[in-house]
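Reproduced below: final-v7.txt, with compact mmCIF, C-alpha atoms and all ligand atoms.
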# COMPACT_ATOMS: atom_id res chain seq x y z
CA MET A 25 -13.54 70.29 13.39
CA GLN A 26 -12.70 70.79 17.06
CA PRO A 27 -9.50 69.11 18.37
CA VAL A 28 -10.55 66.41 20.85
CA VAL A 29 -8.69 64.91 23.83
CA ILE A 30 -8.99 62.07 26.29
CA SER A 31 -8.49 63.75 29.66
CA GLY A 32 -9.20 61.00 32.18
CA THR A 33 -9.97 57.35 32.74
CA GLY A 34 -11.45 55.46 35.66
CA LEU A 35 -11.21 51.82 36.72
CA TRP A 36 -13.39 50.11 39.31
CA LYS A 37 -12.72 46.53 40.42
CA PRO A 38 -15.28 44.42 42.30
CA ASP A 39 -14.28 43.23 45.80
CA HIS A 40 -14.34 39.51 44.97
CA ILE A 41 -11.66 37.42 43.23
CA ILE A 42 -11.94 33.87 41.89
CA THR A 43 -8.62 32.17 41.20
CA ASN A 44 -8.15 29.51 38.52
CA GLU A 45 -7.68 26.91 41.27
CA GLU A 46 -11.03 27.74 42.87
CA LEU A 47 -12.81 27.77 39.51
CA VAL A 48 -11.30 24.49 38.30
CA ASN A 49 -11.94 22.71 41.63
CA SER A 50 -15.57 23.76 41.50
CA TYR A 51 -16.04 22.87 37.80
CA ASN A 52 -14.32 19.49 38.22
CA ALA A 53 -16.48 18.66 41.26
CA TYR A 54 -19.56 19.63 39.20
CA ALA A 55 -18.42 17.55 36.18
CA THR A 56 -17.59 14.51 38.34
CA ALA A 57 -20.99 14.66 40.05
CA PHE A 58 -22.69 15.10 36.65
CA ASN A 59 -20.85 12.10 35.17
CA GLU A 60 -21.69 9.93 38.19
CA ALA A 61 -25.35 10.94 38.09
CA ASN A 62 -25.53 10.25 34.33
CA ALA A 63 -23.25 7.17 34.22
CA ALA A 64 -25.79 4.89 32.52
CA ALA A 65 -26.82 7.47 29.87
CA ILE A 66 -23.16 8.30 29.22
CA SER A 67 -22.26 4.63 28.70
CA ASP A 68 -25.30 4.26 26.36
CA GLY A 69 -24.02 7.25 24.35
CA GLU A 70 -27.15 9.30 25.11
CA VAL A 71 -25.38 11.96 27.18
CA ALA A 72 -21.89 13.38 26.60
CA GLU A 73 -19.44 12.92 29.43
CA LYS A 74 -18.25 16.22 30.96
CA PRO A 75 -14.47 16.51 30.47
CA LEU A 76 -12.34 17.86 33.33
CA SER A 77 -10.73 21.33 33.32
CA SER A 78 -7.16 22.20 34.29
CA VAL A 79 -5.36 25.24 35.70
CA ALA A 80 -2.30 24.54 33.54
CA PHE A 81 -4.42 24.57 30.36
CA ILE A 82 -6.13 27.83 31.28
CA GLU A 83 -2.88 29.65 32.04
CA LYS A 84 -1.12 28.39 28.91
CA ALA A 85 -4.06 28.85 26.52
CA SER A 86 -5.22 32.24 27.81
CA GLY A 87 -2.78 33.91 30.24
CA ILE A 88 -5.60 34.24 32.77
CA LYS A 89 -4.78 33.56 36.45
CA GLN A 90 -7.79 35.03 38.24
CA ARG A 91 -10.83 37.20 37.65
CA TYR A 92 -12.82 39.79 39.63
CA VAL A 93 -16.52 39.06 40.06
CA TYR A 94 -19.29 41.39 41.19
CA ALA A 95 -20.87 38.61 43.28
CA LYS A 96 -18.92 35.49 44.19
CA GLU A 97 -21.67 33.67 46.05
CA GLY A 98 -23.20 30.91 43.93
CA ILE A 99 -20.58 30.73 41.16
CA LEU A 100 -18.54 27.97 42.83
CA ASP A 101 -21.56 26.16 44.29
CA ILE A 102 -21.88 23.01 42.16
CA ASP A 103 -25.63 22.99 42.75
CA ARG A 104 -25.95 26.51 41.29
CA MET A 105 -22.98 27.47 39.03
CA ARG A 106 -24.06 31.10 38.62
CA PRO A 107 -23.81 34.21 40.83
CA VAL A 108 -26.44 35.15 43.39
CA LEU A 109 -27.62 38.73 42.85
CA SER A 110 -30.31 40.54 44.80
CA GLN A 111 -33.15 41.95 42.75
CA ARG A 112 -33.23 45.70 43.43
CA SER A 113 -36.42 47.74 43.45
CA ASP A 114 -37.13 50.35 40.76
CA ASP A 115 -36.27 53.05 43.31
CA GLU A 116 -32.77 51.72 44.01
CA LEU A 117 -29.66 52.27 41.89
CA SER A 118 -29.34 49.22 39.64
CA HIS A 119 -26.30 46.93 39.93
CA GLN A 120 -24.86 48.02 36.61
CA ALA A 121 -25.47 51.73 37.20
CA GLU A 122 -23.66 51.37 40.56
CA MET A 123 -20.64 49.83 38.82
CA ALA A 124 -20.78 52.58 36.20
CA VAL A 125 -20.93 55.39 38.77
CA HIS A 126 -17.78 54.10 40.55
CA ALA A 127 -15.71 54.19 37.33
CA ALA A 128 -17.28 57.46 36.16
CA GLU A 129 -16.37 59.25 39.39
CA ALA A 130 -12.75 58.08 39.10
CA ALA A 131 -12.53 59.24 35.47
CA MET A 132 -14.07 62.64 36.25
CA ALA A 133 -11.64 63.16 39.14
CA GLN A 134 -8.67 62.30 36.90
CA ALA A 135 -9.94 64.65 34.19
CA ASN A 136 -10.59 67.49 36.67
CA LYS A 137 -14.25 67.56 35.71
CA THR A 138 -17.52 67.97 37.57
CA SER A 139 -20.97 66.92 36.42
CA ALA A 140 -21.50 70.43 35.03
CA ASP A 141 -18.74 69.81 32.45
CA ILE A 142 -20.41 66.69 30.98
CA ASP A 143 -23.40 66.79 28.64
CA MET A 144 -23.36 63.35 27.02
CA VAL A 145 -23.21 59.97 28.78
CA ILE A 146 -22.72 56.72 26.89
CA VAL A 147 -22.94 53.40 28.71
CA SER A 148 -21.43 50.93 26.30
CA CYS A 149 -20.80 47.28 27.12
CA ALA A 150 -21.55 43.67 26.18
CA TYR A 151 -24.88 43.45 28.05
CA THR A 152 -27.21 45.84 29.84
CA GLN A 153 -29.25 44.41 32.66
CA ARG A 154 -32.49 45.78 31.16
CA SER A 155 -33.70 47.35 27.92
CA TYR A 156 -35.03 50.63 29.28
CA PRO A 157 -34.76 53.16 30.77
CA ALA A 158 -31.15 53.25 29.54
CA ILE A 159 -28.52 52.57 32.21
CA ALA A 160 -26.80 55.73 30.90
CA ILE A 161 -29.82 57.86 31.86
CA GLU A 162 -29.86 56.33 35.33
CA VAL A 163 -26.14 57.14 35.68
CA GLN A 164 -26.76 60.66 34.37
CA GLU A 165 -29.39 61.14 37.09
CA ALA A 166 -27.15 59.64 39.80
CA LEU A 167 -24.30 62.00 38.89
CA GLY A 168 -26.49 65.08 38.35
CA ILE A 169 -25.48 65.54 34.72
CA GLU A 170 -27.60 67.69 32.39
CA GLY A 171 -27.81 66.67 28.75
CA PHE A 172 -28.49 63.21 27.40
CA GLY A 173 -27.41 59.60 27.69
CA PHE A 174 -27.87 56.36 25.82
CA ASP A 175 -26.73 52.74 25.91
CA MET A 176 -24.74 50.91 23.23
CA LEU A 177 -24.08 47.17 22.87
CA VAL A 178 -21.09 46.14 20.76
CA ALA A 179 -19.70 43.24 22.82
CA CYS A 180 -15.90 43.46 23.10
CA SER A 181 -15.72 46.59 20.97
CA ALA A 182 -18.29 48.52 22.97
CA ALA A 183 -15.70 50.86 24.54
CA THR A 184 -13.83 51.83 21.37
CA PHE A 185 -17.05 52.16 19.38
CA ALA A 186 -18.44 54.50 22.05
CA LEU A 187 -15.22 56.54 21.98
CA HIS A 188 -15.69 56.77 18.21
CA ARG A 189 -19.22 58.19 18.76
CA ALA A 190 -17.92 60.54 21.47
CA TYR A 191 -15.17 61.82 19.17
CA ASP A 192 -17.62 62.52 16.35
CA ALA A 193 -19.99 64.41 18.66
CA LEU A 194 -17.18 66.53 20.13
CA ALA A 195 -15.50 67.21 16.78
CA ALA A 196 -18.83 68.25 15.26
CA GLY A 197 -19.66 70.43 18.27
CA SER A 198 -22.83 68.58 19.35
CA ALA A 199 -21.33 67.76 22.77
CA LYS A 200 -18.88 69.62 25.04
CA GLY A 201 -17.87 66.81 27.41
CA VAL A 202 -18.56 63.09 27.01
CA LEU A 203 -18.49 60.39 29.67
CA VAL A 204 -18.12 56.90 28.20
CA ILE A 205 -18.62 54.06 30.71
CA ASN A 206 -18.19 50.29 30.34
CA PRO A 207 -19.79 48.51 33.31
CA GLU A 208 -18.99 44.95 32.25
CA LEU A 209 -21.16 42.73 34.45
CA VAL A 210 -20.58 39.58 32.41
CA SER A 211 -20.43 36.81 35.05
CA PRO A 212 -24.23 36.28 34.97
CA GLN A 213 -23.92 35.39 31.23
CA MET A 214 -21.15 32.82 31.72
CA ASN A 215 -21.80 29.13 31.43
CA TYR A 216 -19.76 27.91 34.41
CA THR A 217 -20.70 24.31 33.49
CA ASP A 218 -18.88 24.58 30.13
CA ARG A 219 -15.24 23.47 30.45
CA ASP A 220 -14.15 25.33 27.27
CA GLY A 221 -15.41 28.72 28.41
CA HIS A 222 -15.83 28.73 32.19
CA PHE A 223 -12.55 30.54 32.84
CA ILE A 224 -12.67 33.32 30.25
CA PHE A 225 -14.48 36.33 31.74
CA GLY A 226 -14.41 38.67 34.73
CA ASP A 227 -16.42 41.71 35.86
CA VAL A 228 -15.05 45.26 35.97
CA SER A 229 -16.09 48.83 35.16
CA THR A 230 -14.10 51.42 33.21
CA ALA A 231 -14.81 54.99 32.13
CA VAL A 232 -13.23 57.61 29.86
CA ILE A 233 -13.70 61.36 29.65
CA MET A 234 -13.41 62.88 26.19
CA GLU A 235 -13.65 66.63 25.70
CA ARG A 236 -12.60 69.48 23.45
CA ALA A 237 -8.91 70.35 23.76
CA ASP A 238 -9.69 73.95 24.76
CA THR A 239 -11.56 72.86 27.92
CA CYS A 240 -8.94 70.36 29.11
CA THR A 241 -7.19 71.04 32.45
CA ALA A 242 -6.04 67.48 33.26
CA PRO A 243 -2.38 66.77 34.12
CA HIS A 244 -2.24 63.80 31.71
CA SER A 245 -4.20 64.10 28.48
CA TYR A 246 -4.07 62.72 24.95
CA ASP A 247 -4.88 64.25 21.57
CA VAL A 248 -7.17 61.93 19.64
CA LEU A 249 -5.53 61.62 16.21
CA SER A 250 -8.04 59.23 14.64
CA THR A 251 -10.79 56.74 15.41
CA GLN A 252 -12.04 53.85 13.34
CA ALA A 253 -14.75 51.17 13.68
CA VAL A 254 -15.30 48.16 11.46
CA THR A 255 -17.64 45.14 11.60
CA SER A 256 -17.92 41.86 9.70
CA TYR A 257 -20.71 39.39 10.55
CA SER A 258 -19.80 36.12 12.28
CA SER A 259 -21.66 33.72 14.60
CA ASN A 260 -18.43 32.32 16.06
CA ILE A 261 -18.98 34.33 19.26
CA ARG A 262 -22.64 34.37 20.12
CA SER A 263 -25.33 34.69 22.77
CA ASN A 264 -28.98 34.15 21.78
CA PHE A 265 -30.24 35.65 25.03
CA GLY A 266 -33.09 38.04 24.35
CA TYR A 267 -36.69 39.06 24.87
CA LEU A 268 -38.09 36.82 22.11
CA SER A 269 -37.69 33.73 24.35
CA PHE A 270 -40.96 34.77 26.00
CA ALA A 271 -42.76 34.41 22.67
CA ASP A 272 -40.89 31.61 20.92
CA ASP A 273 -41.19 29.35 23.99
CA SER A 274 -37.45 28.61 24.04
CA ASN A 275 -35.69 28.14 27.37
CA PRO A 276 -34.28 31.60 28.23
CA PHE A 277 -31.49 29.91 30.23
CA ALA A 278 -30.47 27.26 27.67
CA ASP A 279 -26.77 26.92 26.78
CA ASP A 280 -27.22 28.87 23.52
CA LYS A 281 -28.60 31.83 25.51
CA LEU A 282 -25.29 32.13 27.36
CA PHE A 283 -21.91 33.16 25.95
CA HIS A 284 -20.52 30.51 23.61
CA GLN A 285 -17.87 30.57 20.94
CA ASN A 286 -15.70 28.65 18.54
CA GLY A 287 -12.53 29.97 20.15
CA ARG A 288 -10.09 28.40 17.68
CA LYS A 289 -11.86 29.94 14.68
CA VAL A 290 -12.10 33.29 16.41
CA PHE A 291 -8.39 33.20 17.11
CA LYS A 292 -7.53 32.36 13.48
CA GLU A 293 -9.93 34.83 11.87
CA VAL A 294 -9.67 37.83 14.19
CA CYS A 295 -5.87 38.04 14.61
CA PRO A 296 -5.14 38.90 10.95
CA MET A 297 -8.15 41.25 10.80
CA ALA A 298 -6.96 43.12 13.90
CA ALA A 299 -3.34 43.37 12.69
CA GLU A 300 -4.45 44.68 9.28
CA HIS A 301 -6.84 47.16 10.89
CA LEU A 302 -4.14 48.49 13.22
CA HIS A 303 -1.65 48.85 10.40
CA SER A 304 -4.01 50.88 8.19
CA GLN A 305 -5.32 52.90 11.12
CA VAL A 306 -1.84 54.02 12.17
CA GLU A 307 -1.05 55.04 8.59
CA LYS A 308 -4.35 56.94 8.33
CA ALA A 309 -3.27 58.93 11.38
CA GLY A 310 -0.15 59.97 9.42
CA LEU A 311 2.15 57.76 11.52
CA GLN A 312 4.45 54.79 10.99
CA LEU A 313 4.17 51.62 13.09
CA ALA A 314 7.55 52.50 14.62
CA ASP A 315 6.06 55.77 15.93
CA ILE A 316 3.69 53.84 18.22
CA LYS A 317 5.17 53.58 21.71
CA ARG A 318 2.29 51.64 23.26
CA TRP A 319 -0.38 49.20 22.10
CA TRP A 320 -3.31 49.00 24.49
CA LEU A 321 -4.89 45.93 22.94
CA HIS A 322 -8.13 44.12 23.72
CA GLN A 323 -7.54 41.52 26.42
CA ALA A 324 -9.06 38.19 25.34
CA ASN A 325 -6.05 35.95 25.16
CA ILE A 326 -2.31 36.47 25.73
CA ASN A 327 -1.33 34.36 22.71
CA MET A 328 -3.64 36.41 20.51
CA ASN A 329 -2.08 39.69 21.69
CA ASP A 330 1.45 38.37 21.27
CA LEU A 331 0.65 37.18 17.73
CA ILE A 332 -0.92 40.51 16.72
CA ALA A 333 2.01 42.44 18.21
CA ARG A 334 4.52 40.19 16.38
CA ARG A 335 2.65 40.62 13.08
CA LEU A 336 2.72 44.39 13.51
CA LEU A 337 6.24 44.83 14.81
CA GLY A 338 8.01 41.95 13.06
CA ARG A 339 9.45 40.98 16.47
CA ASP A 340 8.32 40.16 19.99
CA PRO A 341 6.96 43.24 21.80
CA HIS A 342 9.33 44.76 24.38
CA PRO A 343 8.15 44.40 28.00
CA GLY A 344 5.40 46.96 28.52
CA GLU A 345 5.04 47.83 24.84
CA ALA A 346 1.73 45.92 24.56
CA PRO A 347 0.70 45.57 28.21
CA ILE A 348 -1.22 42.48 29.34
CA VAL A 349 -3.77 42.70 32.17
CA LEU A 350 -5.36 39.29 31.58
CA ASP A 351 -3.53 37.62 34.45
CA GLU A 352 -5.27 39.87 37.00
CA PHE A 353 -8.58 40.69 35.25
CA ALA A 354 -9.24 37.88 32.69
CA ASN A 355 -11.29 38.92 29.63
CA THR A 356 -13.54 41.80 30.69
CA ALA A 357 -15.27 42.20 27.30
CA SER A 358 -14.98 45.83 26.14
CA ALA A 359 -13.14 47.09 29.23
CA GLY A 360 -9.84 45.24 28.59
CA SER A 361 -8.07 47.80 26.39
CA ILE A 362 -9.28 50.64 28.64
CA ILE A 363 -7.91 48.87 31.75
CA ALA A 364 -4.56 48.54 29.95
CA PHE A 365 -4.67 52.24 29.01
CA ASN A 366 -5.65 53.27 32.55
CA LEU A 367 -2.84 51.28 34.20
CA HIS A 368 -0.03 51.68 31.66
CA GLN A 369 0.30 55.23 30.34
CA GLU A 370 1.63 57.69 32.91
CA ASP A 371 5.27 56.97 32.00
CA LEU A 372 4.78 58.10 28.39
CA ALA A 373 6.45 61.39 27.40
CA SER A 374 4.78 64.31 25.66
CA GLY A 375 4.54 63.52 21.93
CA ASP A 376 4.50 59.73 22.43
CA CYS A 377 1.78 57.97 20.44
CA GLY A 378 -0.27 54.89 21.26
CA VAL A 379 -3.28 52.94 20.02
CA ILE A 380 -6.28 51.65 21.99
CA CYS A 381 -7.76 48.72 20.06
CA SER A 382 -10.55 46.20 20.66
CA PHE A 383 -11.60 43.13 18.67
CA GLY A 384 -14.25 40.53 19.30
CA ALA A 385 -17.84 39.45 18.80
CA GLY A 386 -19.65 40.72 15.75
CA TYR A 387 -16.90 40.52 14.54
CA SER A 388 -16.08 44.06 15.53
CA ILE A 389 -12.80 45.98 15.63
CA GLY A 390 -12.39 49.49 16.97
CA SER A 391 -9.36 51.70 17.51
CA VAL A 392 -8.36 55.12 18.77
CA VAL A 393 -4.93 56.58 17.95
CA VAL A 394 -3.71 59.04 20.59
CA ARG A 395 -0.71 61.30 21.27
CA LYS A 396 0.31 62.41 24.74
CA ARG A 397 0.09 66.20 25.17
N1 LIG B 1 -9.14 22.60 30.59
C1 LIG B 1 -8.46 21.62 29.95
N2 LIG B 1 -8.54 21.40 28.61
C2 LIG B 1 -9.33 22.22 27.89
C3 LIG B 1 -10.08 23.26 28.49
C4 LIG B 1 -9.97 23.44 29.89
N3 LIG B 1 -10.63 24.40 30.55
N4 LIG B 1 -10.77 23.92 27.54
C5 LIG B 1 -10.48 23.29 26.38
N5 LIG B 1 -9.63 22.26 26.58
C6 LIG B 1 -9.10 21.31 25.61
C7 LIG B 1 -9.96 21.25 24.35
O1 LIG B 1 -11.06 20.40 24.49
C8 LIG B 1 -8.96 20.72 23.35
O2 LIG B 1 -8.83 19.33 23.48
P1 LIG B 1 -8.60 18.41 22.18
O3 LIG B 1 -7.32 18.92 21.56
O4 LIG B 1 -8.52 17.05 22.76
O5 LIG B 1 -9.79 18.66 21.30
C9 LIG B 1 -7.66 21.35 23.79
O6 LIG B 1 -7.82 21.71 25.16
C10 LIG B 1 -7.35 22.59 23.01
O7 LIG B 1 -8.53 23.40 22.95
P2 LIG B 1 -8.65 24.66 22.06
O8 LIG B 1 -8.11 24.36 20.70
O9 LIG B 1 -10.05 25.20 22.16
O10 LIG B 1 -7.65 25.63 22.84
P3 LIG B 1 -7.07 26.97 22.38
O11 LIG B 1 -5.61 26.88 22.46
O12 LIG B 1 -7.70 27.48 21.13
O13 LIG B 1 -7.57 27.96 23.55
C11 LIG B 1 -9.21 29.67 23.83
C12 LIG B 1 -8.95 28.19 23.76
C13 LIG B 1 -8.50 30.22 25.05
C14 LIG B 1 -10.71 29.91 23.97
C15 LIG B 1 -8.67 30.36 22.57
O14 LIG B 1 -9.13 29.71 21.41
C16 LIG B 1 -9.07 31.80 22.44
O15 LIG B 1 -8.86 32.63 23.31
N6 LIG B 1 -9.59 32.21 21.29
C17 LIG B 1 -9.98 33.58 21.05
C18 LIG B 1 -11.27 33.81 21.71
C19 LIG B 1 -11.68 35.22 21.70
O16 LIG B 1 -10.95 36.16 21.54
N7 LIG B 1 -12.94 35.36 21.89
C20 LIG B 1 -13.48 36.62 22.03
C21 LIG B 1 -14.51 36.46 23.06
S1 LIG B 1 -14.80 37.88 23.88
C22 LIG B 1 -15.94 38.85 23.08
O17 LIG B 1 -16.01 39.02 21.92
C23 LIG B 1 -16.93 39.50 23.95
C24 LIG B 1 -18.16 38.72 23.99
C25 LIG B 1 -19.12 39.38 24.93
C26 LIG B 1 -18.79 39.11 26.38
C27 LIG B 1 -19.39 37.86 26.88
C28 LIG B 1 -19.29 37.78 28.41
C29 LIG B 1 -19.97 36.59 29.00
In structure tokens, write the structure found in this file.
Amino acid sequence: MQPVVISGTGLWKPDHIITNEELVNSYNAYATAFNEANAAAISDGEVAEKPLSSVAFIEKASGIKQRYVYAKEGILDIDRMRPVLSQRSDDELSHQAEMAVHAAEAAMAQANKTSADIDMVIVSCAYTQRSYPAIAIEVQEALGIEGFGFDMLVACSAATFALHRAYDALAAGSAKGVLVINPELVSPQMNYTDRDGHFIFGDVSTAVIMERADTCTAPHSYDVLSTQAVTSYSSNIRSNFGYLSFADDSNPFADDKLFHQNGRKVFKEVCPMAAEHLHSQVEKAGLQLADIKRWWLHQANINMNDLIARRLLGRDPHPGEAPIVLDEFANTASAGSIIAFNLHQEDLASGDCGVICSFGAGYSIGSVVVRKR
């Protein structure tokens, strides 16, 4: 088995920000207009009244203060409540490939790599904007990479599951340099008319370069000590969006086709699963929990991360030990733990160990244990 390293990461943020205040003002204006328009049906019990949202609730329940969005136009318009995106021709770079290329270029620069050093491209995220050709192959073409690419969909665990695949290919010798990209364009799948979920997600793109240790020339790199992926079926986080709507005559834009969840249940069920997974994963890597200097956890909810960290450590995490990026980015599906890794690792010393871990829809949990070289 070849020793494998992470030699670079890239982070691309869209230009547009939506603050909690802006989002709540828009949702509350929408809900008030809806309730006024449906006053008679609401008083007859035929239509449910739309409850109002609050900035204080969002910050306390999630830790989110703002989110980046790929396109802001339309989201806050109470007559639209979804982004406005241009439809690009088949000859133009697609929206998601464009996001992917930005993060990929940053990761390649950090890893000291050119296109000639990469032979496998994985685009892995919660949604791809089309079924085929794969976004990864479009990115491969845009970057001039020879080899092969494919897309993977594993919701919030898409990044760690792709790193798991990359590790296996490199360790087995079937790839020499792997580019894993997570262009999370999730705002078009949000139900901005749903008070319980309208604040959760933001758009972003992240990328990671994994390669064999003997080709690495990056100033900051990490030995990959172990990777692990686990799934357990649950419908508590779900989107029924898909191509069958054309044939089963269901409304492709109905509420059940957008992101929806039973957030309380997810919280209760996933926290113990994630803590148990992390514990066993660290031991499998031949380490003790106390050896882990940094936990780059999935970013869905600050209370969730604090609970998992407390379960693992038996105490509150020290500042910076389990970095939180939710306040700036919100939940960015699979990109969250990679953003945390990208922004919070340069201070680590050689020999320091850390864990990248995701958890979410599926349910799915993925982790990568690393040691700074
Ligand atoms: N404003 C004011 N009040 C609110 C709001 C709001 N916006 N939302 C809910 N409330 C109310 C509720 O109605 C409830 O009222 P009552 O007590 O009267 O019934 C009260 O506040 C408390 O509500 P909750 O119990 O739901 O509040 P929680 O403390 O549980 O917080 C959270 C809600 C933040 C959703 C929390 O449960 C949570 O984060 N859970 C974990 C969720 C999670 O990790 N999900 C993973 C999703 S990500 C993923 O897997 C990727 C999917 C693919 C990407 C999709 C992109 C579109």
Exercise. Show which residues sit within 9 Å of Gly266 in chain A, as a PyMOL selection string. Count only C-alpha atoms, and ignore same-chain residues fewer than 4 positions away.
Key: chain A and resi 270+276+281
Practice problem: May I ask you to write as a VMD selection string all residues lying at most 6 Å from ligand LIG 1 (chain B), with all atoms listed in the file counted? | Solution: chain A and resid 77 to 78 81 to 82 85 to 86 150 179 to 180 210 213 to 214 219 to 220 283 287 to 288 290 to 291 324 to 325 357 384 to 385
Quiz prompt | All residues 12 Å or closer to Leu337 in chain A, all atoms listed in the file, same chain fewer than 3 positions away omitted, as an MDAnalysis selection string | solution = chainID A and resid 299 302:303 312:319 329:334 340:342 345:346
Exercise. Find the residue from A:Asp247, A:Asn355, A:Pro347, A:Glu300 that sits nearest to His368 in chain A; use only C-alpha atoms when measuring.
Key: A:Pro347
Quick one: what's the axis-aligned box for range 233-252 of chain A, all listed atoms, 6 Å on every side, centre and edges in Å to one decimal, as JSON?
{"center_x": -8.0, "center_y": 63.9, "center_z": 23.7, "size_x": 23.5, "size_y": 32.1, "size_z": 32.8}
